[in-house]
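See structure below.
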Amino acid sequence: MAKAFFRLQKFLRRTQFLLFFLTAAYLMAGSLLLLQRTRLVIQQGSRGTPANQALPAPDEMTRVGIIDPRTLQSPRPGPRLLVGMDALQEPALDQRHSPHWLMSRNSELRQLRRRWFHRFSSDQEPLQTAGLKAMKHTTEHKGTYMGCFTHDLRERTLKGAVFYDLRKMTVAHCQEACAERAYSYAGLAYGAECFCGNTLPAAASKPEECNSECKGEKGSVCGGVNRLSVYRVEELRAGARRRRNVIYRGCFRAPENLTDTFPASLIQPNLTVEMCSEFCSKKEFPLAVIRGQECYCGYPTGRFSLREGADGLRCSGARNASGTAEGKYCLVYQTPVQDTRCTDRKFLTTKSKVFVALSSFPGAGNTWARHLIEHATGYYTGSYYFDGALYNKGFKGEKDHWRSRRTICVKTHESGKTEIEMFDSAILLIRNPYKSLMAEFNRKYAGHLGYATDRNWKSKEWPDFVNSYASWWASHVLEWLKYGKRLLVVHYEDLKQSLIPKLKEMVEFLNVTVTEDRLLCVENNRDGNFKRSGAKQKNFEPFTQEMKDLINRYILTVDEALRGRNFSGLPREYVPR
């Protein structure tokens, strides 16, 4: 019996060892296989292009009108990419630029383009500013710390400008932003939100309740949950900044009763623009209205909408406010103060029953349209992608899942049948392809608010970019026209020229009711923080005649398709230049 038990024990030990050995051998074999495959991919990627997979010649690319966007980053694509490109068949001459051909090409290249777009849309900063990420914030706080105060979003004391920087907010950054807009106090909350105003909050809180660290400055406190860290803004060089930020809006007919129209007023001998602007800024009004020696402060309203300006001669060209024509007209200036009647935003309290897309080709003004929609409706917009730069600037819907239905609409640049049919309805935003291509090229090389350099425009990447993206502009519209269930077509140029009427159409399409004053507030804040700044490219023509011929054919195709669906055709300025 003992002998049999010994044999069984010996067998089990051998089996244990055998299982261990086989497991180790299996893992080693898998690791070796993985290393071998990795090495093979690296070797393939580093080799030159095989002869039977050579890239099309430049003239062939121009004829086909397409090239994979990833080749813009690497002049020597790998074999896998080239196989995908070789699969594209040259269409017959009479079929090129037709709706069917454009949509079939779009289907073949959608995956390649989507990878390229996701790569660049995830960039949170322009390449020129990437080096700033590692910089340590050493700016000292210039203002005087006033204490920790209660922060109620519904009844804010600091009712002035509101700024978000969910990645790089610092005390100094908030103070600088408020100082440039002529505010006296800067308050920080949640570690990333900045509020400005001229009145100190009344309800003080315990100092330890302001315990949120600034997102961009370790060791510094930026308020807390429903708590504000408030600073008095230093007045250094404030006068020069205030004057620089005062914008002349024009000459307008004065309302019949100025006192009823405007809530604050001042009568001052030898009144100047600076005096009136400073007075209205202190009162936290975005408009300074001057008639002779009278200064009035207020908002654009139904009584005084600023839609119909008068001939500047009727104000006698009196920028120094010495007088206007018999008191019937007045000079209007935009103060540095932000109109806050439309800045409050939130997520939908209940899930939306209608899933709405805000669809456009990249560079067509989708971000600007989202800014307008959010401020008009008071609800956040979502995104099919996640753009950290937009999230950091206050588009909180960026981080919400695009299918959550907690946002009023969802941004998308997709144009496949499956992607389109997921939505119940869509606002289709269309922009002049010449302007769209330039805007997207600027975004690619300089972010949402910058401009590409002359070197970028003169490089080989610009013609490659046009050849690739011109057909995408057309196929995007054609596929949404074909597969979209319920569409509202909005032309970027019409929205820019007739903001209130077009925005009303968009809001009604979204089934939201808004007040006239809120729409006027949106108009007063129409640019938001998304107007390009910096060194704009010089006046030059980036499009060659060959590029124009290609784009113009796409314009005519899209125009015909729109009219075929009983939509108005493209604006005249799209037509061949």
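Here, A, B, ... name the chains of the structure tokens in the order displayed, residue numbers run from 1 inside each chain, and ligands are numbered from 1 in the same displayed order.
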Residue neighbourhood Cys521 in chain A, 8 Å, only C-alpha atoms, exclusion window fewer than 4 positions, as an mmCIF file with C-alpha atoms, in the first residue's frame:
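Heads up, here's the output in result36.cif:
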data_model
loop_
_atom_site.group_PDB
_atom_site.id
_atom_site.type_symbol
_atom_site.label_atom_id
_atom_site.label_comp_id
_atom_site.auth_asym_id
_atom_site.auth_seq_id
_atom_site.Cartn_x
_atom_site.Cartn_y
_atom_site.Cartn_z
ATOM 1 C CA TYR A 299 -27.321 95.922 -22.925
ATOM 2 C CA PRO A 300 -28.593 95.398 -26.460
ATOM 3 C CA ASP A 339 -22.527 90.355 -21.621
ATOM 4 C CA THR A 340 -23.405 87.580 -19.157
ATOM 5 C CA ARG A 341 -27.115 87.193 -19.876
ATOM 6 C CA CYS A 342 -26.391 84.097 -21.982
ATOM 7 C CA ASP A 517 -32.710 89.292 -25.049
ATOM 8 C CA ASN A 525 -20.774 87.759 -27.806
#
Find the residues near Gly394 in chain A: any atom within 8 Å, counting only C-alpha atoms, skip ones fewer than 4 places away on the same chain, and give them as a list in words.
Phe163, Tyr164, Asp165, Leu166 and Leu390 of chain A
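Interatomic distance, CA of Arg406 in chain A to CA of His371 in chain A: 16.7 Å.
Nearest-residue note for Leu188 in chain A: choosing from A:Ala254, A:Cys148, A:Ile430, A:Leu519, the minimum distance belongs to A:Cys148, counting only C-alpha atoms.
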Do a neighbour search on Glu209 in chain A at 9 Å with only C-alpha atoms, toss out local chain neighbours closer than 4 positions, and write the hits as an MDAnalysis selection string.
chainID A and resid 148:149 205 223:225 227
What residues in range 408-565 of chain A get the DSSP label alpha helix (DSSP H)? Please answer as a PyMOL selection string.
chain A and resi 417-421+433-446+454-458+461-483+492-497+499-509+516-524+545-564
Atomic distance CA of Pro501 in chain A - CA of Phe304 in chain A, expressed in Å with one decimal
16.9 Å
Report as a ChimeraX atom specification all protein, DNA and RNA residues lying within 12 Å of range 306-313 of chain A, evaluated on only C-alpha atoms, omitting residues in the same chain fewer than 4 positions from it.
/A:248-255,287,289,299-302,317-319,323-325,328-334,497-501,520-521,523-524
Next, dump the selected residues to file, keeping only N, CA, C and O atoms, as a CSV table (one decimal), in the first residue's frame.
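Written out: part04.csv:
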chain,number,residue,atom,x,y,z
A,248,TYR,N,-15.5,100.4,-31.1
A,248,TYR,CA,-16.6,101.3,-31.6
A,248,TYR,C,-17.6,100.5,-32.4
A,248,TYR,O,-17.2,99.8,-33.3
A,249,ARG,N,-18.8,100.5,-32.0
A,249,ARG,CA,-19.9,99.7,-32.6
A,249,ARG,C,-20.6,100.5,-33.7
A,249,ARG,O,-21.2,99.9,-34.6
A,250,GLY,N,-20.5,101.9,-33.7
A,250,GLY,CA,-21.2,102.6,-34.7
A,250,GLY,C,-22.1,103.7,-34.2
A,250,GLY,O,-22.2,104.0,-33.0
A,251,CYS,N,-22.7,104.4,-35.2
A,251,CYS,CA,-23.6,105.5,-35.0
A,251,CYS,C,-25.1,104.9,-35.1
A,251,CYS,O,-25.4,104.2,-36.1
A,252,PHE,N,-25.9,105.1,-34.1
A,252,PHE,CA,-27.3,104.6,-34.1
A,252,PHE,C,-28.3,105.7,-33.7
A,252,PHE,O,-27.9,106.6,-33.0
A,253,ARG,N,-29.5,105.5,-34.2
A,253,ARG,CA,-30.6,106.4,-33.8
A,253,ARG,C,-30.9,106.1,-32.3
A,253,ARG,O,-31.1,105.0,-31.9
A,254,ALA,N,-30.9,107.2,-31.5
A,254,ALA,CA,-31.2,107.1,-30.1
A,254,ALA,C,-32.6,106.7,-29.8
A,254,ALA,O,-33.5,107.1,-30.5
A,255,PRO,N,-32.9,105.8,-28.9
A,255,PRO,CA,-34.3,105.5,-28.5
A,255,PRO,C,-35.0,106.7,-27.9
A,255,PRO,O,-34.4,107.7,-27.5
A,287,LEU,N,-22.3,97.9,-22.9
A,287,LEU,CA,-22.4,99.0,-23.9
A,287,LEU,C,-22.2,100.3,-23.2
A,287,LEU,O,-22.8,100.5,-22.1
A,289,VAL,N,-23.0,104.2,-24.3
A,289,VAL,CA,-23.7,105.0,-25.3
A,289,VAL,C,-23.5,106.5,-24.9
A,289,VAL,O,-23.8,106.9,-23.8
A,299,TYR,N,-27.5,97.1,-22.1
A,299,TYR,CA,-27.3,95.9,-22.9
A,299,TYR,C,-28.1,96.2,-24.2
A,299,TYR,O,-29.0,97.0,-24.3
A,300,PRO,N,-27.7,95.4,-25.3
A,300,PRO,CA,-28.6,95.4,-26.5
A,300,PRO,C,-30.0,94.8,-26.1
A,300,PRO,O,-30.0,93.7,-25.5
A,301,THR,N,-31.0,95.4,-26.4
A,301,THR,CA,-32.4,94.9,-26.1
A,301,THR,C,-33.3,95.1,-27.4
A,301,THR,O,-32.8,95.7,-28.4
A,302,GLY,N,-34.5,94.7,-27.2
A,302,GLY,CA,-35.5,94.9,-28.3
A,302,GLY,C,-35.6,96.4,-28.7
A,302,GLY,O,-35.8,96.8,-29.8
A,317,GLY,N,-19.3,112.5,-37.1
A,317,GLY,CA,-18.0,112.0,-36.9
A,317,GLY,C,-17.4,112.3,-35.6
A,317,GLY,O,-16.2,112.4,-35.4
A,318,ALA,N,-18.2,112.5,-34.6
A,318,ALA,CA,-17.7,113.0,-33.3
A,318,ALA,C,-17.3,111.8,-32.4
A,318,ALA,O,-18.0,111.4,-31.5
A,319,ARG,N,-16.1,111.3,-32.6
A,319,ARG,CA,-15.6,110.2,-31.8
A,319,ARG,C,-15.2,110.8,-30.4
A,319,ARG,O,-15.1,110.0,-29.5
A,323,GLY,N,-20.7,116.1,-29.7
A,323,GLY,CA,-22.1,116.3,-29.9
A,323,GLY,C,-22.6,115.5,-31.1
A,323,GLY,O,-21.8,115.0,-31.9
A,324,THR,N,-23.9,115.2,-31.2
A,324,THR,CA,-24.5,114.5,-32.3
A,324,THR,C,-25.6,115.3,-32.8
A,324,THR,O,-26.1,116.3,-32.2
A,325,ALA,N,-26.1,114.9,-34.0
A,325,ALA,CA,-27.1,115.6,-34.7
A,325,ALA,C,-28.4,115.8,-33.9
A,325,ALA,O,-29.3,115.0,-33.9
A,328,LYS,N,-30.6,113.2,-31.8
A,328,LYS,CA,-31.3,112.1,-32.3
A,328,LYS,C,-30.5,110.9,-32.5
A,328,LYS,O,-31.0,109.8,-32.7
A,329,TYR,N,-29.2,111.0,-32.5
A,329,TYR,CA,-28.3,109.9,-32.8
A,329,TYR,C,-27.3,109.8,-31.6
A,329,TYR,O,-27.0,110.8,-30.9
A,330,CYS,N,-26.7,108.6,-31.5
A,330,CYS,CA,-25.7,108.4,-30.4
A,330,CYS,C,-24.6,107.5,-30.9
A,330,CYS,O,-24.7,106.7,-31.8
A,331,LEU,N,-23.5,107.7,-30.2
A,331,LEU,CA,-22.3,106.8,-30.5
A,331,LEU,C,-22.3,105.6,-29.5
A,331,LEU,O,-22.6,105.8,-28.4
A,332,VAL,N,-22.1,104.5,-30.0
A,332,VAL,CA,-22.1,103.3,-29.2
A,332,VAL,C,-20.8,102.6,-29.2
A,332,VAL,O,-20.1,102.4,-30.3
A,333,TYR,N,-20.3,102.2,-28.0
A,333,TYR,CA,-19.0,101.5,-27.8
A,333,TYR,C,-19.2,100.2,-27.0
A,333,TYR,O,-20.1,100.2,-26.1
A,334,GLN,N,-18.4,99.2,-27.4
A,334,GLN,CA,-18.4,98.0,-26.6
A,334,GLN,C,-17.4,98.1,-25.5
A,334,GLN,O,-16.2,98.3,-25.8
A,497,GLN,N,-23.6,86.5,-41.7
A,497,GLN,CA,-24.2,87.7,-42.2
A,497,GLN,C,-25.6,88.0,-41.5
A,497,GLN,O,-25.8,89.2,-41.2
A,498,SER,N,-26.4,87.0,-41.3
A,498,SER,CA,-27.7,87.2,-40.6
A,498,SER,C,-27.8,86.3,-39.4
A,498,SER,O,-28.5,85.3,-39.4
A,499,LEU,N,-27.0,86.7,-38.4
A,499,LEU,CA,-26.9,85.8,-37.2
A,499,LEU,C,-28.2,85.5,-36.5
A,499,LEU,O,-28.5,84.3,-36.3
A,500,ILE,N,-28.9,86.5,-36.1
A,500,ILE,CA,-30.2,86.3,-35.4
A,500,ILE,C,-31.2,85.5,-36.1
A,500,ILE,O,-31.7,84.5,-35.6
A,501,PRO,N,-31.6,85.8,-37.4
A,501,PRO,CA,-32.6,85.0,-38.1
A,501,PRO,C,-32.1,83.5,-38.2
A,501,PRO,O,-32.9,82.6,-38.0
A,520,LEU,N,-30.0,88.4,-28.4
A,520,LEU,CA,-29.2,89.6,-28.6
A,520,LEU,C,-27.9,89.5,-27.8
A,520,LEU,O,-26.9,90.1,-28.2
A,521,CYS,N,-27.9,88.8,-26.7
A,521,CYS,CA,-26.7,88.6,-25.9
A,521,CYS,C,-25.7,87.8,-26.7
A,521,CYS,O,-24.5,88.0,-26.7
A,523,GLU,N,-25.6,87.6,-29.9
A,523,GLU,CA,-25.0,88.4,-31.0
A,523,GLU,C,-23.9,89.4,-30.4
A,523,GLU,O,-23.0,89.6,-31.1
A,524,ASN,N,-24.1,89.8,-29.2
A,524,ASN,CA,-23.1,90.7,-28.6
A,524,ASN,C,-21.8,89.9,-28.3
A,524,ASN,O,-20.8,90.5,-28.2
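For range 173-187 of chain A, the non-local neighbours within 6 Å, defined as residues at least 6 positions apart in the same chain or in other chains and counting only C-alpha atoms, are A:Cys194, A:Phe195, A:Cys196, A:Gly197, A:Asn198, A:Leu228, A:Ser229, A:Val230, A:Tyr231, A:Arg232, A:Val233, A:Arg241, A:Pro336, A:Val337.
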Give the strand (DSSP E) residues of range 424-518 of chain A, as assigned by DSSP on the backbone, as a ChimeraX atom specification.
/A:425-430,487-491
Using the selection just defined, write its residues with N, CA, C and O atoms as a compact mmCIF listing (two decimals), in the first residue's frame.
# COMPACT_ATOMS: atom_id res chain seq x y z
N SER A 425 -31.95 63.42 -36.57
CA SER A 425 -31.99 64.63 -37.38
C SER A 425 -30.62 65.29 -37.30
O SER A 425 -29.77 64.89 -36.49
N ALA A 426 -30.39 66.30 -38.14
CA ALA A 426 -29.07 66.92 -38.17
C ALA A 426 -29.14 68.34 -38.71
O ALA A 426 -29.94 68.65 -39.60
N ILE A 427 -28.29 69.20 -38.15
CA ILE A 427 -28.01 70.51 -38.74
C ILE A 427 -26.75 70.33 -39.57
O ILE A 427 -25.69 69.98 -39.05
N LEU A 428 -26.89 70.52 -40.87
CA LEU A 428 -25.77 70.34 -41.79
C LEU A 428 -25.18 71.71 -42.10
O LEU A 428 -25.80 72.53 -42.78
N LEU A 429 -23.98 71.96 -41.58
CA LEU A 429 -23.32 73.25 -41.75
C LEU A 429 -22.35 73.17 -42.92
O LEU A 429 -21.45 72.31 -42.95
N ILE A 430 -22.55 74.04 -43.90
CA ILE A 430 -21.72 74.03 -45.11
C ILE A 430 -20.99 75.37 -45.23
O ILE A 430 -21.59 76.43 -45.04
N LEU A 487 -33.13 67.08 -42.09
CA LEU A 487 -31.99 67.98 -42.20
C LEU A 487 -32.39 69.46 -42.16
O LEU A 487 -33.44 69.83 -42.70
N LEU A 488 -31.55 70.25 -41.53
CA LEU A 488 -31.61 71.71 -41.65
C LEU A 488 -30.25 72.13 -42.21
O LEU A 488 -29.23 71.98 -41.56
N VAL A 489 -30.26 72.62 -43.43
CA VAL A 489 -29.02 73.04 -44.08
C VAL A 489 -28.76 74.50 -43.75
O VAL A 489 -29.61 75.37 -43.98
N VAL A 490 -27.59 74.77 -43.19
CA VAL A 490 -27.20 76.13 -42.82
C VAL A 490 -25.86 76.45 -43.48
O VAL A 490 -24.90 75.68 -43.33
N HIS A 491 -25.83 77.54 -44.20
CA HIS A 491 -24.57 77.98 -44.82
C HIS A 491 -23.85 78.92 -43.86
O HIS A 491 -24.44 79.87 -43.34
